[in-house]
file final.txt (compact mmCIF, C-alpha atoms)
# COMPACT_ATOMS: atom_id res chain seq x y z
CA MET V 27 0.69 -35.04 -6.46
CA PRO V 28 2.01 -32.35 -8.84
CA LEU V 29 0.59 -28.88 -8.33
CA GLU V 30 -1.05 -27.06 -11.21
CA ILE V 31 -1.75 -23.35 -11.40
CA THR V 32 -5.18 -22.46 -12.79
CA TYR V 33 -6.55 -18.97 -13.36
CA ARG V 34 -10.02 -18.58 -11.87
CA PRO V 35 -12.51 -15.69 -11.42
CA LEU V 36 -11.54 -13.81 -8.26
CA LYS V 37 -15.10 -13.26 -7.12
CA GLY V 38 -15.77 -16.99 -7.36
CA LEU V 39 -13.27 -17.65 -4.57
CA VAL V 40 -14.83 -17.86 -1.11
CA PRO V 41 -12.75 -16.44 1.79
CA TYR V 42 -12.62 -18.59 4.92
CA ALA V 43 -15.04 -16.99 7.39
CA ARG V 44 -12.91 -17.95 10.40
CA ASN V 45 -9.59 -16.70 9.05
CA ALA V 46 -7.64 -15.60 12.12
CA LYS V 47 -5.25 -13.33 10.22
CA LYS V 48 -6.30 -9.70 9.86
CA HIS V 49 -5.28 -7.51 6.93
CA PRO V 50 -5.26 -3.80 7.87
CA ARG V 51 -5.66 -1.13 5.21
CA GLU V 52 -1.95 -0.26 5.29
CA GLN V 53 -1.06 -3.83 4.36
CA ILE V 54 -3.71 -3.94 1.62
CA GLN V 55 -2.21 -0.78 0.12
CA LYS V 56 1.25 -2.36 0.14
CA LEU V 57 -0.13 -5.51 -1.48
CA LYS V 58 -1.75 -3.41 -4.22
CA ALA V 59 1.54 -1.65 -4.89
CA SER V 60 3.28 -5.03 -5.01
CA LEU V 61 0.78 -6.42 -7.52
CA ALA V 62 1.16 -3.32 -9.69
CA GLU V 63 4.97 -3.55 -9.66
CA TYR V 64 5.65 -7.31 -9.63
CA GLY V 65 2.37 -8.90 -10.74
CA TRP V 66 1.22 -12.25 -9.42
CA THR V 67 4.13 -14.10 -7.81
CA ARG V 68 2.21 -16.64 -5.76
CA PRO V 69 -1.09 -18.41 -6.40
CA ILE V 70 -4.05 -18.34 -4.02
CA ALA V 71 -4.50 -21.75 -2.41
CA ILE V 72 -8.04 -23.08 -2.52
CA ALA V 73 -9.92 -26.25 -1.61
CA ASP V 74 -13.41 -26.93 -2.95
CA GLY V 75 -13.64 -23.27 -3.97
CA GLY V 76 -12.76 -21.93 -0.54
CA VAL V 77 -9.56 -19.96 0.16
CA ILE V 78 -6.91 -21.60 2.34
CA TYR V 79 -4.28 -18.89 2.03
CA GLY V 80 -4.08 -15.66 0.08
CA HIS V 81 -6.95 -13.71 1.64
CA GLY V 82 -5.04 -10.41 1.68
CA ILE V 83 -3.83 -10.67 -1.90
CA LEU V 84 -7.33 -11.72 -3.04
CA GLN V 85 -8.89 -8.65 -1.41
CA SER V 86 -6.20 -6.42 -2.91
CA ALA V 87 -6.65 -7.83 -6.42
CA ILE V 88 -10.44 -7.42 -6.29
CA GLU V 89 -10.13 -3.81 -5.10
CA MET V 90 -7.68 -3.08 -7.92
CA ALA V 91 -10.04 -4.59 -10.50
CA GLU V 92 -12.94 -2.54 -9.13
CA ALA V 93 -10.82 0.63 -9.34
CA GLY V 94 -9.61 -0.13 -12.87
CA LEU V 95 -6.00 -0.58 -11.73
CA ALA V 96 -3.78 -2.99 -13.64
CA ILE V 97 -1.90 -5.95 -12.17
CA ARG V 98 1.39 -6.32 -13.99
CA GLY V 99 1.32 -9.05 -16.61
CA ASN V 100 -2.28 -10.00 -15.85
CA PRO V 101 -4.47 -9.82 -18.98
CA ASP V 102 -7.78 -10.23 -17.12
CA PRO V 103 -7.99 -8.13 -13.93
CA TRP V 104 -10.89 -10.24 -12.67
CA GLU V 105 -8.94 -13.51 -12.73
CA GLY V 106 -6.00 -14.71 -10.66
CA PRO V 107 -3.79 -17.80 -10.28
CA THR V 108 -4.89 -20.53 -7.90
CA VAL V 109 -3.54 -23.86 -6.75
CA ASP V 110 -6.03 -26.53 -5.67
CA LEU V 111 -5.27 -28.24 -2.36
CA SER V 112 -8.54 -30.15 -2.13
CA HIS V 113 -6.58 -33.31 -1.37
CA LEU V 114 -5.97 -31.95 2.16
CA THR V 115 -8.42 -33.00 4.84
CA PRO V 116 -10.62 -30.29 6.45
CA SER V 117 -8.38 -30.37 9.54
CA GLN V 118 -5.23 -30.08 7.43
CA ARG V 119 -6.68 -27.08 5.60
CA LYS V 120 -7.38 -25.27 8.88
CA GLY V 121 -3.96 -26.20 10.22
CA TYR V 122 -2.13 -25.04 7.13
CA LEU V 123 -3.97 -21.71 7.09
CA LEU V 124 -2.58 -21.03 10.57
CA ALA V 125 0.86 -22.45 9.74
CA ASP V 126 1.22 -20.41 6.53
CA ASN V 127 0.69 -17.20 8.49
CA ARG V 128 2.58 -18.18 11.63
CA LEU V 129 5.72 -19.81 10.24
CA SER V 130 6.81 -16.68 8.39
CA GLU V 131 6.80 -14.78 11.70
CA ASP V 132 9.55 -17.01 13.11
CA GLY V 133 12.18 -15.78 10.69
CA GLU V 134 14.67 -13.09 11.66
CA TRP V 135 16.37 -10.42 9.59
CA ASP V 136 20.09 -10.38 9.05
CA GLU V 137 20.23 -6.63 9.65
CA GLU V 138 23.67 -6.16 8.10
CA MET V 139 22.59 -7.94 4.90
CA LEU V 140 19.26 -6.09 4.92
CA ALA V 141 21.09 -2.75 5.04
CA ILE V 142 23.27 -3.84 2.11
CA GLU V 143 20.26 -4.84 0.02
CA LEU V 144 18.36 -1.63 0.79
CA ALA V 145 21.43 0.45 -0.06
CA SER V 146 21.81 -1.42 -3.35
CA LEU V 147 18.19 -0.75 -4.27
CA HIS V 148 18.58 2.89 -3.27
CA ASP V 149 21.60 3.19 -5.58
CA ASP V 150 19.48 1.68 -8.38
CA LYS V 151 16.87 4.43 -7.83
CA PHE V 152 14.34 1.74 -6.95
CA ASP V 153 11.24 2.77 -4.99
CA LEU V 154 12.08 1.42 -1.54
CA GLY V 155 8.43 1.65 -0.54
CA LEU V 156 7.87 -1.38 -2.77
CA THR V 157 9.94 -3.53 -0.41
CA GLY V 158 7.16 -3.49 2.16
CA PHE V 159 9.24 -1.51 4.65
CA ASP V 160 8.01 1.86 5.90
CA MET V 161 10.26 4.88 5.39
CA PRO V 162 11.13 5.27 9.11
CA GLU V 163 12.36 1.64 9.04
CA ILE V 164 14.36 2.20 5.87
CA ALA V 165 15.97 5.36 7.27
CA GLN V 166 17.08 3.34 10.29
CA TYR V 167 19.09 1.01 8.05
CA LEU V 168 20.34 3.73 5.71
CA PRO V 169 21.19 6.63 8.01
CA GLY V 170 23.87 7.97 5.69
CA GLU V 171 22.12 7.44 2.36
CA PHE V 172 19.59 10.25 2.51
CA GLY V 173 20.63 13.79 1.82
CA GLU V 174 19.39 16.79 3.72
CA ASP V 175 16.54 17.24 1.25
CA ASP V 176 15.36 13.63 1.64
CA GLY V 177 15.37 13.21 5.39
CA PRO V 178 12.71 14.34 7.86
CA THR V 179 12.51 18.01 8.71
CA ALA V 180 13.49 19.25 12.14
CA GLY V 181 10.74 18.55 14.62
CA THR V 182 8.87 16.15 12.33
CA ALA V 183 9.50 13.15 14.56
CA ASP V 184 8.17 15.02 17.57
CA LEU V 185 5.14 16.11 15.58
CA LEU V 186 4.33 12.61 14.39
CA SER V 187 4.79 11.15 17.86
CA ARG V 188 2.03 13.44 19.12
CA MET V 189 -0.41 12.43 16.39
CA ASP V 190 -3.16 9.91 16.90
CA ILE V 191 -2.21 6.95 14.72
CA THR V 192 -5.34 4.87 14.30
CA ILE V 193 -6.96 2.21 12.15
CA ALA V 194 -10.41 3.64 12.86
CA GLU V 195 -12.51 5.25 10.17
CA PRO V 196 -11.12 8.71 9.24
CA ARG V 197 -12.95 11.86 10.31
CA HIS V 198 -12.86 13.34 6.84
CA GLU V 199 -15.32 11.77 4.43
CA VAL V 200 -13.86 11.20 0.97
CA ASN V 201 -15.63 9.93 -2.11
CA PRO V 202 -14.07 8.65 -5.34
CA GLY V 203 -13.26 11.62 -7.56
CA ASP V 204 -12.86 14.13 -4.70
CA ARG V 205 -10.06 16.71 -4.85
CA PHE V 206 -8.47 18.67 -2.02
CA VAL V 207 -5.94 21.43 -1.45
CA LEU V 208 -3.73 21.00 1.63
CA GLY V 209 -2.19 24.19 2.94
CA GLU V 210 -0.94 26.60 0.31
CA GLN V 211 0.67 24.23 -2.17
CA HIS V 212 -0.25 20.54 -1.83
CA TYR V 213 -2.99 18.70 -3.72
CA LEU V 214 -4.73 15.39 -3.02
CA PHE V 215 -6.74 13.62 -5.73
CA CYS V 216 -8.88 10.58 -4.91
CA VAL V 217 -8.73 9.23 -8.46
CA SER V 218 -7.02 6.49 -10.43
CA PRO V 219 -3.39 7.45 -11.17
CA ILE V 220 -3.70 5.67 -14.52
CA ASP V 221 -7.14 6.63 -15.85
CA GLU V 222 -7.46 10.17 -14.46
CA TRP V 223 -4.00 11.57 -15.17
CA ALA V 224 -5.42 14.46 -17.20
CA ASP V 225 -7.01 15.88 -14.03
CA TRP V 226 -3.72 16.64 -12.32
CA LYS V 227 -0.99 16.72 -14.98
CA GLU V 228 -1.23 20.52 -15.30
CA LEU V 229 -0.10 20.87 -11.68
CA LEU V 230 3.24 19.18 -12.39
CA ILE V 231 5.21 22.34 -13.06
CA GLU V 232 8.57 23.65 -11.85
CA SER V 233 9.63 21.63 -8.79
CA ALA V 234 6.30 19.90 -8.15
CA LEU V 235 6.51 16.23 -7.15
CA LEU V 236 4.05 13.50 -8.12
CA CYS V 237 3.22 11.14 -5.23
CA VAL V 238 1.24 8.06 -6.29
CA TYR V 239 -0.42 5.97 -3.56
CA PRO V 240 0.81 8.23 -0.73
CA GLY V 241 0.44 7.29 2.94
CA PRO V 242 -0.86 9.49 5.76
CA PHE V 243 2.53 11.03 6.62
CA VAL V 244 3.79 11.92 3.12
CA PRO V 245 2.96 15.67 3.48
CA PHE V 246 5.30 16.02 6.48
CA GLY V 247 8.75 15.24 5.05
CA ALA V 248 11.46 17.65 3.97
CA LYS V 249 10.43 17.22 0.34
CA ALA V 250 6.94 18.46 1.19
CA ALA V 251 8.37 21.53 2.91
CA LYS V 252 10.26 22.54 -0.25
CA HIS V 253 8.10 21.26 -3.10
CA ARG V 254 4.47 21.12 -4.14
CA LEU V 255 3.12 17.58 -3.70
CA VAL V 256 0.54 16.29 -6.14
CA MET V 257 -0.81 13.25 -4.32
CA VAL V 258 -2.91 10.70 -6.23
CA GLN V 259 -4.53 8.09 -3.99
CA PRO V 260 -7.62 6.17 -5.21
CA ASP V 261 -8.32 4.66 -1.77
CA THR V 262 -10.91 6.80 0.05
CA TYR V 263 -9.87 5.40 3.44
CA ILE V 264 -6.22 6.41 3.03
CA CYS V 265 -7.25 9.80 1.64
CA GLY V 266 -9.36 10.40 4.73
CA HIS V 267 -6.42 9.69 7.02
CA ILE V 268 -4.10 11.93 4.99
CA LEU V 269 -6.59 14.75 5.53
CA ASP V 270 -6.97 13.88 9.22
CA ARG V 271 -3.23 13.92 9.86
CA TYR V 272 -2.73 17.17 7.95
CA ALA V 273 -5.60 18.85 9.80
CA ASP V 274 -4.21 17.57 13.12
CA ALA V 275 -0.93 19.33 12.41
CA ASN V 276 -2.15 22.46 10.62
CA GLY V 277 -5.77 23.00 11.62
CA GLU V 278 -9.04 22.14 9.91
CA ASP V 279 -8.86 25.28 7.75
CA SER V 280 -5.73 23.87 6.07
CA VAL V 281 -7.82 21.22 4.25
CA VAL V 282 -10.13 22.52 1.51
CA LYS V 283 -12.26 20.45 -0.85
CA VAL V 284 -12.30 21.85 -4.39

call {"tool": "encode", "arguments": {"input": "final.txt", "output": "structure tokens"}}
result
Amino acid sequence: MPLEITYRPLKGLVPYARNAKKHPREQIQKLKASLAEYGWTRPIAIADGGVIYGHGILQSAIEMAEAGLAIRGNPDPWEGPTVDLSHLTPSQRKGYLLADNRLSEDGEWDEEMLAIELASLHDDKFDLGLTGFDMPEIAQYLPGEFGEDDGPTAGTADLLSRMDITIAEPRHEVNPGDRFVLGEQHYLFCVSPIDEWADWKELLIESALLCVYPGPFVPFGAKAAKHRLVMVQPDTYICGHILDRYADANGEDSVVKV
């Protein structure tokens, strides 16, 4: 039967309680960035109102709507595209949920072609973080593309290897709207980068760099050693881990709430 895409209220979609695929915060952040840059590119599959696949993207879209963040090309932030697969039997629905997640894991990267594509995007000044790859992975494929100012500082890899990388709750408690100073020059704002721009625009002077949706290790690169970072991250969980990692490296006194 032909498939039809229908926009439905996101909060009316019921996640499958026994979904075996986990979606860590790092992935949710990447999915949010993808929705902001590319918009909806794939519908959420449902059957009788319950989600078959698309749990991660559904969670990301709801969090963006709650934070007032826009999904590209989506007029109503509280609605998203769905495709109804109610014609599948209950067993087929369960089987496809597993297959949809598992089959993609069997693919392999053509590393030579991947390096070519990443280099092409880098030449186009495209944000490589929007490819889903982490910067250490990207640097592995583009060892000659980053200048001295873009690569990691001496000793950074050793420093990061000694840090406790965790998915546990951060030590530092952060609430929406909180602001912090890290060290002598960096700033972290737990606010919307779209709605609250007036709060931090005055800090963008001289060689200051704006970092939107930063991850926990952003303050440790060569750029951070030479420039003020103005980090804007609306996710309280990620903000907490940024503060944890910075305090791990520089001491608790290096993190000040303002």

call {"tool": "residues_near_point", "arguments": {"input": "final.txt", "point": "(-6.3, 10.4, 2.7)", "cutoff": "12 Å", "atoms": "only C-alpha atoms", "output": "number ranges by chain"}}
result
V: 51-52, 195-202, 204-208, 213-217, 238-245, 257-273, 281

call {"tool": "residues_around", "arguments": {"input": "final.txt", "residues": "range 43-50 of chain V", "least_positions_apart": "6", "cutoff": "9 Å", "atoms": "only C-alpha atoms", "output": "ChimeraX atom specification"}}
result
/V:78,81-82,120,123-124,127,193

call {"tool": "write_last_selection", "arguments": {"input": "final.txt", "atoms": "C-alpha atoms", "output": "short mmCIF file (atom, residue, chain, number, x, y, z; two decimals), in the frame of the given file"}}
result
data_model
loop_
_atom_site.label_atom_id
_atom_site.label_comp_id
_atom_site.auth_asym_id
_atom_site.auth_seq_id
_atom_site.Cartn_x
_atom_site.Cartn_y
_atom_site.Cartn_z
CA ILE V 78 -6.91 -21.60 2.34
CA HIS V 81 -6.95 -13.71 1.64
CA GLY V 82 -5.04 -10.41 1.68
CA LYS V 120 -7.38 -25.27 8.88
CA LEU V 123 -3.97 -21.71 7.09
CA LEU V 124 -2.58 -21.03 10.57
CA ASN V 127 0.69 -17.20 8.49
CA ILE V 193 -6.96 2.21 12.15
#

call {"tool": "closest_residue", "arguments": {"input": "final.txt", "among": "V:Ile88, V:Val77, V:Ile72, V:Leu140", "to": "Lys37 in chain V", "atoms": "all atoms listed in the file"}}
result
V:Ile88

call {"tool": "atom_distance", "arguments": {"input": "final.txt", "atom1": "CA of Thr67 in chain V", "atom2": "CA of Tyr79 in chain V"}}
result
13.8 Å

call {"tool": "atom_distance", "arguments": {"input": "final.txt", "atom1": "CA of Ser112 in chain V", "atom2": "CA of Pro35 in chain V"}}
result
17.6 Å

call {"tool": "atom_distance", "arguments": {"input": "final.txt", "atom1": "CA of Gly106 in chain V", "atom2": "CA of Tyr42 in chain V"}}
result
17.4 Å

call {"tool": "closest_residue", "arguments": {"input": "final.txt", "among": "V:Gly247, V:Pro219, V:Gly94, V:Gly203", "to": "Pro162 in chain V", "atoms": "all atoms listed in the file"}}
result
V:Gly247

call {"tool": "residues_around", "arguments": {"input": "final.txt", "residues": "Asp110 in chain V", "least_positions_apart": "5", "cutoff": "10 Å", "atoms": "all atoms listed in the file", "output": "MDAnalysis selection string"}}
result
chainID V and resid 29:32 69:78

call {"tool": "write_last_selection", "arguments": {"input": "final.txt", "atoms": "C-alpha atoms", "output": "PDB file, keeping the file's coordinate frame"}}
result
ATOM      1  CA  LEU V  29       0.590 -28.880  -8.330  1.00  0.00           C
ATOM      2  CA  GLU V  30      -1.050 -27.060 -11.210  1.00  0.00           C
ATOM      3  CA  ILE V  31      -1.750 -23.350 -11.400  1.00  0.00           C
ATOM      4  CA  THR V  32      -5.180 -22.460 -12.790  1.00  0.00           C
ATOM      5  CA  PRO V  69      -1.090 -18.410  -6.400  1.00  0.00           C
ATOM      6  CA  ILE V  70      -4.050 -18.340  -4.020  1.00  0.00           C
ATOM      7  CA  ALA V  71      -4.500 -21.750  -2.410  1.00  0.00           C
ATOM      8  CA  ILE V  72      -8.040 -23.080  -2.520  1.00  0.00           C
ATOM      9  CA  ALA V  73      -9.920 -26.250  -1.610  1.00  0.00           C
ATOM     10  CA  ASP V  74     -13.410 -26.930  -2.950  1.00  0.00           C
ATOM     11  CA  GLY V  75     -13.640 -23.270  -3.970  1.00  0.00           C
ATOM     12  CA  GLY V  76     -12.760 -21.930  -0.540  1.00  0.00           C
ATOM     13  CA  VAL V  77      -9.560 -19.960   0.160  1.00  0.00           C
ATOM     14  CA  ILE V  78      -6.910 -21.600   2.340  1.00  0.00           C
TER      15      ILE V  78
END

call {"tool": "residues_around", "arguments": {"input": "final.txt", "residues": "range 156-160 of chain V", "least_positions_apart": "6", "cutoff": "10 Å", "atoms": "only C-alpha atoms", "output": "list in words"}}
result
Gln53, Gln55, Lys56, Leu57, Lys58, Ala59, Ser60, Leu61, Ala62, Glu63, Tyr64, Leu144, Leu147 and Gly241 of chain V

call {"tool": "write_last_selection", "arguments": {"input": "final.txt", "atoms": "C-alpha atoms", "output": "short mmCIF file (atom, residue, chain, number, x, y, z; two decimals), in the coordinates of the input"}}
result
data_model
loop_
_atom_site.label_atom_id
_atom_site.label_comp_id
_atom_site.auth_asym_id
_atom_site.auth_seq_id
_atom_site.Cartn_x
_atom_site.Cartn_y
_atom_site.Cartn_z
CA GLN V 53 -1.06 -3.83 4.36
CA GLN V 55 -2.21 -0.78 0.12
CA LYS V 56 1.25 -2.36 0.14
CA LEU V 57 -0.13 -5.51 -1.48
CA LYS V 58 -1.75 -3.41 -4.22
CA ALA V 59 1.54 -1.65 -4.89
CA SER V 60 3.28 -5.03 -5.01
CA LEU V 61 0.78 -6.42 -7.52
CA ALA V 62 1.16 -3.32 -9.69
CA GLU V 63 4.97 -3.55 -9.66
CA TYR V 64 5.65 -7.31 -9.63
CA LEU V 144 18.36 -1.63 0.79
CA LEU V 147 18.19 -0.75 -4.27
CA GLY V 241 0.44 7.29 2.94
#

call {"tool": "residues_near_point", "arguments": {"input": "final.txt", "point": "(-8.9, -10.3, -14.0)", "cutoff": "12 Å", "atoms": "all atoms listed in the file", "output": "list in words"}}
result
Tyr33, Arg34, Pro35, Leu36, Lys37, Gly38, Gly65, Trp66, Leu84, Ala87, Ile88, Glu89, Met90, Ala91, Glu92, Gly94, Leu95, Ala96, Ile97, Arg98, Gly99, Asn100, Pro101, Asp102, Pro103, Trp104, Glu105, Gly106 and Pro107 of chain V

call {"tool": "closest_residue", "arguments": {"input": "final.txt", "among": "V:Phe246, V:Phe152, V:Tyr167, V:Trp223", "to": "Trp135 in chain V", "atoms": "all atoms listed in the file"}}
result
V:Tyr167

call {"tool": "closest_residue", "arguments": {"input": "final.txt", "among": "V:Arg128, V:His113, V:Arg254, V:His212", "to": "Pro28 in chain V", "atoms": "all atoms listed in the file"}}
result
V:His113
